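Here's work_32.cif, which has mmCIF, C-alpha atoms:
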```cif
data_start
#
loop_
_atom_site.group_PDB
_atom_site.id
_atom_site.type_symbol
_atom_site.label_atom_id
_atom_site.label_comp_id
_atom_site.auth_asym_id
_atom_site.auth_seq_id
_atom_site.Cartn_x
_atom_site.Cartn_y
_atom_site.Cartn_z
ATOM 1 C CA MET U 24 68.408 146.422 143.386
ATOM 2 C CA SER U 25 68.021 143.594 145.871
ATOM 3 C CA ASP U 26 64.207 143.722 145.819
ATOM 4 C CA ILE U 27 63.951 142.759 142.122
ATOM 5 C CA ARG U 28 63.349 139.072 141.500
ATOM 6 C CA VAL U 29 62.537 136.835 138.545
ATOM 7 C CA LEU U 30 58.779 136.250 138.360
ATOM 8 C CA ASN U 31 58.981 132.773 136.793
ATOM 9 C CA PRO U 32 62.398 131.053 136.542
ATOM 10 C CA ASP U 33 61.229 128.860 133.652
ATOM 11 C CA LEU U 34 59.771 131.634 131.480
ATOM 12 C CA ARG U 35 61.883 133.368 128.822
ATOM 13 C CA PHE U 36 60.877 135.627 125.930
ATOM 14 C CA ALA U 37 62.876 136.305 122.781
ATOM 15 C CA LEU U 38 61.829 139.975 122.844
ATOM 16 C CA GLY U 39 59.598 140.597 125.853
ATOM 17 C CA GLU U 40 57.862 143.978 125.617
ATOM 18 C CA GLY U 41 54.721 146.022 126.175
ATOM 19 C CA PRO U 42 53.432 144.611 129.499
ATOM 20 C CA VAL U 43 49.821 145.594 130.295
ATOM 21 C CA TRP U 44 48.086 145.169 133.660
ATOM 22 C CA ASP U 45 44.653 143.563 133.224
ATOM 23 C CA ALA U 46 43.032 144.356 136.578
ATOM 24 C CA ALA U 47 39.696 142.722 135.723
ATOM 25 C CA HIS U 48 41.432 139.349 135.382
ATOM 26 C CA ASN U 49 44.254 139.914 137.879
ATOM 27 C CA ARG U 50 46.989 139.225 135.333
ATOM 28 C CA VAL U 51 49.773 140.924 133.467
ATOM 29 C CA LEU U 52 49.768 140.500 129.682
ATOM 30 C CA VAL U 53 53.151 140.439 127.965
ATOM 31 C CA ALA U 54 54.058 140.612 124.277
ATOM 32 C CA ASP U 55 56.894 138.602 122.812
ATOM 33 C CA ILE U 56 57.472 140.672 119.691
ATOM 34 C CA LEU U 57 59.575 138.113 117.833
ATOM 35 C CA GLY U 58 57.564 135.224 119.271
ATOM 36 C CA CYS U 59 54.421 136.786 117.712
ATOM 37 C CA SER U 60 52.482 136.197 120.914
ATOM 38 C CA ILE U 61 50.851 137.632 124.020
ATOM 39 C CA THR U 62 51.125 135.672 127.281
ATOM 40 C CA ALA U 63 49.062 136.108 130.455
ATOM 41 C CA VAL U 64 50.950 135.670 133.737
ATOM 42 C CA SER U 65 49.685 136.007 137.310
ATOM 43 C CA LEU U 66 51.712 137.972 139.852
ATOM 44 C CA ASP U 67 52.754 134.699 141.480
ATOM 45 C CA GLY U 68 54.429 133.718 138.202
ATOM 46 C CA THR U 69 51.851 131.235 136.919
ATOM 47 C CA VAL U 70 51.522 131.220 133.116
ATOM 48 C CA LEU U 71 47.779 131.390 132.487
ATOM 49 C CA ASN U 72 47.437 131.454 128.701
ATOM 50 C CA THR U 73 49.171 132.359 125.445
ATOM 51 C CA TRP U 74 47.730 133.800 122.221
ATOM 52 C CA HIS U 75 49.576 133.592 118.887
ATOM 53 C CA PHE U 76 49.442 136.099 116.026
ATOM 54 C CA PRO U 77 50.383 136.014 112.324
ATOM 55 C CA SER U 78 53.186 138.581 112.718
ATOM 56 C CA GLU U 79 55.204 140.439 115.310
ATOM 57 C CA VAL U 80 53.235 142.024 118.191
ATOM 58 C CA GLY U 81 54.771 145.473 118.689
ATOM 59 C CA SER U 82 52.401 146.609 121.440
ATOM 60 C CA PHE U 83 48.779 146.407 122.546
ATOM 61 C CA GLY U 84 46.191 147.738 125.000
ATOM 62 C CA LEU U 85 42.880 146.864 126.592
ATOM 63 C CA CYS U 86 39.582 147.999 125.051
ATOM 64 C CA ARG U 87 36.395 149.089 126.803
ATOM 65 C CA SER U 88 34.595 146.538 124.624
ATOM 66 C CA GLY U 89 36.581 143.756 126.313
ATOM 67 C CA ARG U 90 38.808 143.162 123.302
ATOM 68 C CA TRP U 91 42.433 144.192 122.795
ATOM 69 C CA ILE U 92 43.852 146.718 120.371
ATOM 70 C CA VAL U 93 47.017 145.174 118.930
ATOM 71 C CA ALA U 94 49.817 146.601 116.773
ATOM 72 C CA LEU U 95 50.949 143.846 114.431
ATOM 73 C CA ARG U 96 53.786 144.298 111.972
ATOM 74 C CA HIS U 97 52.053 146.681 109.525
ATOM 75 C CA GLU U 98 48.502 146.990 110.839
ATOM 76 C CA VAL U 99 46.483 147.680 113.951
ATOM 77 C CA VAL U 100 43.774 145.130 114.731
ATOM 78 C CA ARG U 101 41.207 144.495 117.413
ATOM 79 C CA TYR U 102 41.453 141.088 118.979
ATOM 80 C CA ASP U 103 38.754 139.028 120.653
ATOM 81 C CA TRP U 104 40.953 137.089 123.040
ATOM 82 C CA ARG U 105 38.169 134.775 124.180
ATOM 83 C CA ALA U 106 37.346 133.648 120.634
ATOM 84 C CA ARG U 107 40.976 134.106 119.442
ATOM 85 C CA ARG U 108 39.671 136.143 116.524
ATOM 86 C CA ILE U 109 41.423 139.026 114.747
ATOM 87 C CA GLU U 110 39.269 141.923 113.532
ATOM 88 C CA PRO U 111 40.920 144.305 111.000
ATOM 89 C CA PHE U 112 40.939 147.907 112.229
ATOM 90 C CA CYS U 113 43.352 150.251 110.425
ATOM 91 C CA THR U 114 46.682 150.454 108.619
ATOM 92 C CA PRO U 115 48.665 153.552 109.634
ATOM 93 C CA GLY U 116 51.635 154.387 107.500
ATOM 94 C CA PRO U 117 53.530 154.407 105.329
ATOM 95 C CA ILE U 118 55.654 151.656 106.877
ATOM 96 C CA PRO U 119 58.322 150.171 104.577
ATOM 97 C CA PRO U 120 58.806 146.386 104.260
ATOM 98 C CA HIS U 121 61.877 146.585 106.511
ATOM 99 C CA GLY U 122 59.945 148.517 109.159
ATOM 100 C CA ARG U 123 57.247 147.598 111.660
ATOM 101 C CA LEU U 124 55.021 149.005 114.381
ATOM 102 C CA ASN U 125 56.647 149.074 117.815
ATOM 103 C CA ASP U 126 55.909 150.603 121.231
ATOM 104 C CA GLY U 127 52.394 151.880 121.912
ATOM 105 C CA LYS U 128 50.028 152.709 124.734
ATOM 106 C CA ILE U 129 46.478 153.940 125.318
ATOM 107 C CA GLY U 130 46.470 157.640 126.142
ATOM 108 C CA PRO U 131 44.249 159.690 128.481
ATOM 109 C CA ASP U 132 42.200 160.585 125.383
ATOM 110 C CA GLY U 133 41.188 156.930 124.879
ATOM 111 C CA ALA U 134 43.215 156.654 121.653
ATOM 112 C CA PHE U 135 46.014 154.202 120.873
ATOM 113 C CA TRP U 136 49.348 155.982 120.419
ATOM 114 C CA VAL U 137 51.798 153.769 118.550
ATOM 115 C CA GLY U 138 55.113 154.295 116.822
ATOM 116 C CA SER U 139 57.042 152.532 114.098
ATOM 117 C CA MET U 140 60.695 151.731 113.490
ATOM 118 C CA ASP U 141 63.296 150.675 110.964
ATOM 119 C CA GLU U 142 64.327 147.163 112.023
ATOM 120 C CA ARG U 143 67.526 146.922 109.970
ATOM 121 C CA VAL U 144 70.889 146.904 111.723
ATOM 122 C CA GLN U 145 71.867 150.102 109.902
ATOM 123 C CA ARG U 146 68.697 152.002 110.718
ATOM 124 C CA GLU U 147 67.413 155.136 109.071
ATOM 125 C CA PRO U 148 64.939 157.631 110.578
ATOM 126 C CA LEU U 149 61.915 156.151 108.806
ATOM 127 C CA GLY U 150 59.756 155.639 111.895
ATOM 128 C CA ARG U 151 56.651 157.615 112.747
ATOM 129 C CA LEU U 152 54.343 158.220 115.688
ATOM 130 C CA PHE U 153 50.612 157.720 115.115
ATOM 131 C CA ARG U 154 47.401 158.416 117.006
ATOM 132 C CA VAL U 155 44.801 155.722 116.280
ATOM 133 C CA ALA U 156 41.297 156.912 117.192
ATOM 134 C CA PRO U 157 38.464 154.678 118.450
ATOM 135 C CA ASP U 158 36.618 155.033 115.135
ATOM 136 C CA GLY U 159 39.537 153.508 113.219
ATOM 137 C CA SER U 160 40.853 156.770 111.809
ATOM 138 C CA TRP U 161 44.473 157.699 112.408
ATOM 139 C CA ARG U 162 46.824 160.603 112.021
ATOM 140 C CA GLU U 163 50.580 160.966 111.936
ATOM 141 C CA ILE U 164 51.985 162.979 114.846
ATOM 142 C CA THR U 165 55.635 163.100 113.830
ATOM 143 C CA ASP U 166 58.190 161.355 111.632
ATOM 144 C CA GLY U 167 61.978 161.024 111.521
ATOM 145 C CA LEU U 168 62.222 158.305 114.192
ATOM 146 C CA TYR U 169 64.667 155.413 114.285
ATOM 147 C CA THR U 170 62.854 153.357 116.957
ATOM 148 C CA ALA U 171 59.706 154.840 118.509
ATOM 149 C CA ASN U 172 59.512 153.943 122.186
ATOM 150 C CA GLY U 173 58.748 155.018 125.753
ATOM 151 C CA MET U 174 55.131 156.250 125.452
ATOM 152 C CA ALA U 175 53.788 157.420 128.849
ATOM 153 C CA TRP U 176 51.639 160.158 130.402
ATOM 154 C CA THR U 177 51.745 161.938 133.746
ATOM 155 C CA GLY U 178 48.968 161.352 136.281
ATOM 156 C CA ASP U 179 47.095 164.515 135.287
ATOM 157 C CA GLY U 180 47.264 163.543 131.604
ATOM 158 C CA ARG U 181 48.813 166.905 130.723
ATOM 159 C CA THR U 182 52.304 165.767 129.740
ATOM 160 C CA MET U 183 53.156 163.065 127.199
ATOM 161 C CA VAL U 184 56.680 161.662 127.036
ATOM 162 C CA HIS U 185 58.137 159.377 124.388
ATOM 163 C CA SER U 186 61.602 158.305 123.319
ATOM 164 C CA ASP U 187 63.620 157.213 120.341
ATOM 165 C CA SER U 188 65.878 154.428 121.533
ATOM 166 C CA GLY U 189 67.740 154.426 118.233
ATOM 167 C CA ALA U 190 68.600 158.133 118.091
ATOM 168 C CA PRO U 191 68.668 158.292 121.175
ATOM 169 C CA TRP U 192 66.602 160.927 122.988
ATOM 170 C CA ILE U 193 63.542 161.502 125.196
ATOM 171 C CA ASP U 194 60.984 164.216 124.313
ATOM 172 C CA ALA U 195 58.046 165.705 126.199
ATOM 173 C CA TRP U 196 54.878 167.280 124.835
ATOM 174 C CA ASP U 197 52.050 169.271 126.367
ATOM 175 C CA PHE U 198 48.945 167.126 126.079
ATOM 176 C CA ASP U 199 45.210 167.848 126.026
ATOM 177 C CA PRO U 200 43.408 164.714 127.263
ATOM 178 C CA GLU U 201 40.060 165.994 125.964
ATOM 179 C CA THR U 202 41.126 166.422 122.346
ATOM 180 C CA GLY U 203 44.198 164.174 122.135
ATOM 181 C CA THR U 204 46.314 167.110 120.960
ATOM 182 C CA ALA U 205 50.063 167.046 121.615
ATOM 183 C CA SER U 206 51.936 170.365 121.334
ATOM 184 C CA ASN U 207 55.054 172.227 122.479
ATOM 185 C CA ARG U 208 57.410 169.349 121.813
ATOM 186 C CA ARG U 209 60.788 169.706 123.501
ATOM 187 C CA ARG U 210 63.891 167.563 123.964
ATOM 188 C CA ILE U 211 64.367 166.794 127.658
ATOM 189 C CA VAL U 212 67.118 164.137 127.629
ATOM 190 C CA THR U 213 69.881 162.988 125.320
ATOM 191 C CA PRO U 214 71.171 160.118 127.463
ATOM 192 C CA ASP U 215 74.705 158.804 127.732
ATOM 193 C CA THR U 216 73.932 155.351 126.351
ATOM 194 C CA GLU U 217 77.271 153.892 127.426
ATOM 195 C CA ALA U 218 76.475 154.786 131.021
ATOM 196 C CA ILE U 219 72.705 154.246 131.333
ATOM 197 C CA GLY U 220 71.611 152.434 128.175
ATOM 198 C CA ARG U 221 69.200 153.335 125.410
ATOM 199 C CA PRO U 222 65.770 154.683 126.475
ATOM 200 C CA ASP U 223 63.323 151.834 125.833
ATOM 201 C CA GLY U 224 59.836 151.283 127.288
ATOM 202 C CA ALA U 225 58.640 153.478 130.141
ATOM 203 C CA ALA U 226 55.869 154.323 132.601
ATOM 204 C CA PHE U 227 55.026 157.155 134.987
ATOM 205 C CA ASP U 228 54.307 156.871 138.686
ATOM 206 C CA MET U 229 51.937 159.224 140.509
ATOM 207 C CA ALA U 230 54.905 161.158 141.942
ATOM 208 C CA GLY U 231 55.716 162.318 138.404
ATOM 209 C CA ARG U 232 58.737 160.067 137.884
ATOM 210 C CA TYR U 233 59.295 158.643 134.394
ATOM 211 C CA TRP U 234 60.658 155.107 134.785
ATOM 212 C CA SER U 235 62.675 154.264 131.655
ATOM 213 C CA ALA U 236 64.300 150.928 130.808
ATOM 214 C CA GLY U 237 67.983 151.396 129.975
ATOM 215 C CA VAL U 238 68.212 148.529 127.516
ATOM 216 C CA ARG U 239 71.547 146.819 126.759
ATOM 217 C CA LYS U 240 73.123 148.280 129.906
ATOM 218 C CA GLY U 241 70.742 146.808 132.501
ATOM 219 C CA ARG U 242 69.620 150.066 134.127
ATOM 220 C CA ILE U 243 66.408 151.488 135.589
ATOM 221 C CA ASN U 244 66.539 155.208 134.833
ATOM 222 C CA ARG U 245 64.133 157.568 136.570
ATOM 223 C CA PHE U 246 63.643 161.093 135.238
ATOM 224 C CA ARG U 247 61.626 164.149 136.150
ATOM 225 C CA THR U 248 59.471 165.646 133.399
ATOM 226 C CA ASP U 249 62.093 168.352 132.819
ATOM 227 C CA GLY U 250 64.621 165.637 131.987
ATOM 228 C CA THR U 251 66.543 165.661 135.256
ATOM 229 C CA LEU U 252 67.941 162.200 135.973
ATOM 230 C CA ILE U 253 66.820 161.288 139.496
ATOM 231 C CA ASP U 254 68.770 158.038 139.641
ATOM 232 C CA SER U 255 70.077 155.182 137.517
ATOM 233 C CA LEU U 256 69.707 151.845 139.264
ATOM 234 C CA PRO U 257 71.245 148.483 138.340
ATOM 235 C CA PHE U 258 68.987 145.789 136.901
ATOM 236 C CA PRO U 259 69.741 142.038 136.893
ATOM 237 C CA ALA U 260 69.485 141.704 133.079
ATOM 238 C CA LEU U 261 71.151 143.758 130.353
ATOM 239 C CA GLY U 262 68.103 143.451 128.104
ATOM 240 C CA VAL U 263 65.517 145.215 130.299
ATOM 241 C CA THR U 264 62.807 146.653 128.023
ATOM 242 C CA MET U 265 59.737 148.052 129.823
ATOM 243 C CA PRO U 266 58.024 148.511 133.214
ATOM 244 C CA CYS U 267 54.324 148.053 134.024
ATOM 245 C CA PHE U 268 52.678 149.032 137.305
ATOM 246 C CA CYS U 269 50.486 146.158 138.459
ATOM 247 C CA GLY U 270 48.415 144.869 141.345
ATOM 248 C CA PRO U 271 45.294 146.281 143.037
ATOM 249 C CA ASP U 272 47.175 149.341 144.317
ATOM 250 C CA LEU U 273 49.526 149.667 141.282
ATOM 251 C CA ARG U 274 52.517 149.447 143.627
ATOM 252 C CA THR U 275 54.042 146.358 142.008
ATOM 253 C CA ILE U 276 56.221 146.732 138.906
ATOM 254 C CA VAL U 277 56.674 143.971 136.359
ATOM 255 C CA TRP U 278 59.601 144.417 133.957
ATOM 256 C CA THR U 279 60.038 142.716 130.593
ATOM 257 C CA SER U 280 63.365 141.935 128.974
ATOM 258 C CA LEU U 281 64.829 140.601 125.729
ATOM 259 C CA ARG U 282 67.488 138.051 124.908
ATOM 260 C CA THR U 283 67.546 137.565 121.117
ATOM 261 C CA LEU U 284 68.953 140.961 120.168
ATOM 262 C CA LEU U 285 71.774 140.725 122.702
ATOM 263 C CA GLY U 286 73.496 137.969 120.695
ATOM 264 C CA ALA U 287 75.148 134.892 122.151
ATOM 265 C CA GLU U 288 77.880 136.868 123.911
ATOM 266 C CA GLY U 289 75.376 139.217 125.516
ATOM 267 C CA VAL U 290 73.118 136.399 126.697
ATOM 268 C CA GLY U 291 76.143 134.628 128.144
ATOM 269 C CA ALA U 292 76.964 137.742 130.144
ATOM 270 C CA SER U 293 73.325 138.238 131.140
ATOM 271 C CA PRO U 294 71.641 134.823 131.491
ATOM 272 C CA LEU U 295 68.448 136.272 133.012
ATOM 273 C CA SER U 296 67.705 138.410 129.940
ATOM 274 C CA GLY U 297 64.374 137.383 128.437
ATOM 275 C CA ALA U 298 62.799 136.786 131.850
ATOM 276 C CA LEU U 299 60.010 138.690 133.592
ATOM 277 C CA PHE U 300 60.959 140.509 136.768
ATOM 278 C CA ILE U 301 58.884 141.866 139.653
ATOM 279 C CA MET U 302 59.578 144.481 142.327
ATOM 280 C CA PRO U 303 57.681 146.748 144.745
ATOM 281 C CA SER U 304 57.303 150.497 144.216
ATOM 282 C CA ASP U 305 57.166 153.197 146.867
ATOM 283 C CA GLU U 306 54.626 155.087 144.723
ATOM 284 C CA PRO U 307 51.625 153.825 142.724
ATOM 285 C CA GLY U 308 51.804 153.938 138.958
ATOM 286 C CA VAL U 309 49.632 156.032 136.684
ATOM 287 C CA PRO U 310 46.677 153.875 135.569
ATOM 288 C CA VAL U 311 46.655 153.177 131.832
ATOM 289 C CA PRO U 312 43.228 153.867 130.299
ATOM 290 C CA MET U 313 41.292 151.568 127.991
ATOM 291 C CA PHE U 314 40.810 152.122 124.282
ATOM 292 C CA ALA U 315 37.484 153.955 123.951
ATOM 293 C CA ASP U 316 35.834 151.674 121.401
#
```

Can I see the file as structure tokens?
Amino acid sequence: MSDIRVLNPDLRFALGEGPVWDAAHNRVLVADILGCSITAVSLDGTVLNTWHFPSEVGSFGLCRSGRWIVALRHEVVRYDWRARRIEPFCTPGPIPPHGRLNDGKIGPDGAFWVGSMDERVQREPLGRLFRVAPDGSWREITDGLYTANGMAWTGDGRTMVHSDSGAPWIDAWDFDPETGTASNRRRIVTPDTEAIGRPDGAAFDMAGRYWSAGVRKGRINRFRTDGTLIDSLPFPALGVTMPCFCGPDLRTIVWTSLRTLLGAEGVGASPLSGALFIMPSDEPGVPVPMFAD
């Protein structure tokens, strides 16, 4: 797509993931999972700040209290980014030593939905999906995942979609935004990974399109909620990982990407992998709520 460009030519992440639009501060926040950090970047590409953590940062979200809710390797914490102070919150599990928390997002119910994964090369379905409530309690939603990914909700909050990029598949659930109950799970896509990549991070726009990063194949895959593939568009980096709708009208998309897991040969074939990318959208994105703490 000719309208995608690199946001900052000098910025590269080992495993860029989980971008979050922080409207109050006019910045996009980006996790580098393997870099154990979150970096703030303006939409003109200026790096504003970086925060470092004691382990991998799988995902995170904004809190109503002004803090962040952050999934570290084996625990979920609240983080006071101004004071750079970690506050213990909860430890969902079990998560084995060779596993970690991965993709997550704040749902319409004000809870933090976060999954886990097996990080070994020969993965087993040891991952789980959790709902972390604002009071610090948590419950397991499902198990049997290789790499939990792709959490996103439609604009009305009534459909939740998530993926397993290791299996791979994409599932949809009926969702009650008042109670945080997910039901009627169904498989909507089993993608051809050789053609369109593995389903990584994702986001919905207000037209009901599920934008999914086709990691390792450099594709932007857009699906309807019934699993119909609308289109599969080329991306300038093989390691594309996740979209985030940004800007005052949520019509700008920032994409993260990875480089470390591609290996030297993959990075050589895709030198822009690890960069942040920016593009316009013809539809606004679904706003991501704040954690209701």

Q: Identify all residues satisfying the PyMOL selection byres ((chain U and resi 271) around 10) in the given file; provide them as a ChimeraX atom specification.
A: /U:44,46-47,49,268-270,272-275,307

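Among U:Trp161, U:Phe300, U:Phe258, U:Trp176, the residue with the shortest atom-to-atom distance to Trp278 (chain U), counting all atoms listed in the file, is U:Phe300.
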
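Interatomic distance, CA of Thr213 (chain U) to CA of Asp187 (chain U): 9.9 Å.
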
Q) When the PyMOL selection byres ((chain U and resi 205) around 10) is applied to the file above, which residues end up in the set, as a PyMOL selection string? A) chain U and resi 164+181-183+195-200+202-204+206-208

Q. Where does the PyMOL selection byres ((chain U and resi 53) around 12) land in this file, that is, which residues does it pick, as number ranges by chain?
A. U: 34-45, 50-52, 54-56, 58-65, 70-75, 80-84, 93, 264-267, 277-281, 297-300

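Using all atoms listed in the file for every distance, the candidate list U:Glu79, U:Asp103, U:Glu163, U:Glu110 yields U:Glu79 as the residue closest to Gly122 (chain U).
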
Residues at most 10 Å from Ser160 (chain U), counting all atoms listed in the file, excluding those fewer than 3 positions away in the same chain, as an mmCIF file with C-alpha atoms, in the coordinates of the input?
```cif
data_model
loop_
_atom_site.group_PDB
_atom_site.id
_atom_site.type_symbol
_atom_site.label_atom_id
_atom_site.label_comp_id
_atom_site.auth_asym_id
_atom_site.auth_seq_id
_atom_site.Cartn_x
_atom_site.Cartn_y
_atom_site.Cartn_z
ATOM 1 C CA PHE U 112 40.939 147.907 112.229
ATOM 2 C CA CYS U 113 43.352 150.251 110.425
ATOM 3 C CA THR U 114 46.682 150.454 108.619
ATOM 4 C CA PRO U 115 48.665 153.552 109.634
ATOM 5 C CA ARG U 154 47.401 158.416 117.006
ATOM 6 C CA VAL U 155 44.801 155.722 116.280
ATOM 7 C CA ALA U 156 41.297 156.912 117.192
ATOM 8 C CA PRO U 157 38.464 154.678 118.450
#
```

Q | Near-Ser186 (chain U) list (7 Å; only C-alpha atoms; drop same-chain fewer than 3 positions) as a ChimeraX atom specification | A | /U:171-173,192-194,222

Q. Counting only C-alpha atoms, which of U:Arg210, U:Arg123, U:Arg87, U:Arg101 gets nearest to Leu57 (chain U)?
A. U:Arg123

Q. For Pro214 (chain U), which of U:Pro303, U:Gly237, U:Gly262, U:Gly133 is the closest residue, counting all atoms listed in the file?
A. U:Gly237

Got a sec to write region 121-160 of chain U of the block to a file, C-alpha atoms, as a PDB file, in the first residue's frame?
```
ATOM      1  CA  HIS U 121       8.657 -21.373  29.507  1.00  0.00           C
ATOM      2  CA  GLY U 122       5.446 -19.392  29.014  1.00  0.00           C
ATOM      3  CA  ARG U 123       4.508 -15.739  29.402  1.00  0.00           C
ATOM      4  CA  LEU U 124       1.630 -13.294  29.117  1.00  0.00           C
ATOM      5  CA  ASN U 125       1.122 -11.920  25.611  1.00  0.00           C
ATOM      6  CA  ASP U 126      -1.530  -9.904  23.752  1.00  0.00           C
ATOM      7  CA  GLY U 127      -4.146  -8.053  25.794  1.00  0.00           C
ATOM      8  CA  LYS U 128      -6.599  -5.190  25.589  1.00  0.00           C
ATOM      9  CA  ILE U 129      -9.158  -3.363  27.726  1.00  0.00           C
ATOM     10  CA  GLY U 130     -12.667  -4.536  26.897  1.00  0.00           C
ATOM     11  CA  PRO U 131     -15.992  -2.656  26.815  1.00  0.00           C
ATOM     12  CA  ASP U 132     -16.590  -4.016  30.335  1.00  0.00           C
ATOM     13  CA  GLY U 133     -13.592  -2.070  31.699  1.00  0.00           C
ATOM     14  CA  ALA U 134     -11.628  -5.274  32.384  1.00  0.00           C
ATOM     15  CA  PHE U 135      -8.209  -6.236  31.026  1.00  0.00           C
ATOM     16  CA  TRP U 136      -8.417  -9.266  28.731  1.00  0.00           C
ATOM     17  CA  VAL U 137      -5.006 -10.880  28.342  1.00  0.00           C
ATOM     18  CA  GLY U 138      -3.731 -14.175  27.010  1.00  0.00           C
ATOM     19  CA  SER U 139      -0.647 -16.286  27.545  1.00  0.00           C
ATOM     20  CA  MET U 140       1.579 -18.389  25.314  1.00  0.00           C
ATOM     21  CA  ASP U 141       4.227 -21.079  25.165  1.00  0.00           C
ATOM     22  CA  GLU U 142       7.373 -19.295  23.962  1.00  0.00           C
ATOM     23  CA  ARG U 143       9.379 -22.384  22.993  1.00  0.00           C
ATOM     24  CA  VAL U 144      10.094 -23.091  19.336  1.00  0.00           C
ATOM     25  CA  GLN U 145       8.191 -26.380  19.588  1.00  0.00           C
ATOM     26  CA  ARG U 146       5.111 -24.925  21.239  1.00  0.00           C
ATOM     27  CA  GLU U 147       2.384 -26.785  23.051  1.00  0.00           C
ATOM     28  CA  PRO U 148      -1.173 -25.534  23.679  1.00  0.00           C
ATOM     29  CA  LEU U 149      -0.441 -24.329  27.213  1.00  0.00           C
ATOM     30  CA  GLY U 150      -1.718 -20.773  26.778  1.00  0.00           C
ATOM     31  CA  ARG U 151      -4.852 -19.366  28.350  1.00  0.00           C
ATOM     32  CA  LEU U 152      -7.121 -16.350  28.039  1.00  0.00           C
ATOM     33  CA  PHE U 153      -7.874 -14.392  31.217  1.00  0.00           C
ATOM     34  CA  ARG U 154     -10.235 -11.620  32.269  1.00  0.00           C
ATOM     35  CA  VAL U 155      -8.597  -9.376  34.881  1.00  0.00           C
ATOM     36  CA  ALA U 156     -11.203  -7.333  36.769  1.00  0.00           C
ATOM     37  CA  PRO U 157     -10.657  -3.829  38.189  1.00  0.00           C
ATOM     38  CA  ASP U 158     -10.639  -5.197  41.746  1.00  0.00           C
ATOM     39  CA  GLY U 159      -7.647  -7.433  40.989  1.00  0.00           C
ATOM     40  CA  SER U 160      -9.607 -10.664  40.713  1.00  0.00           C
TER      41      SER U 160
END
```
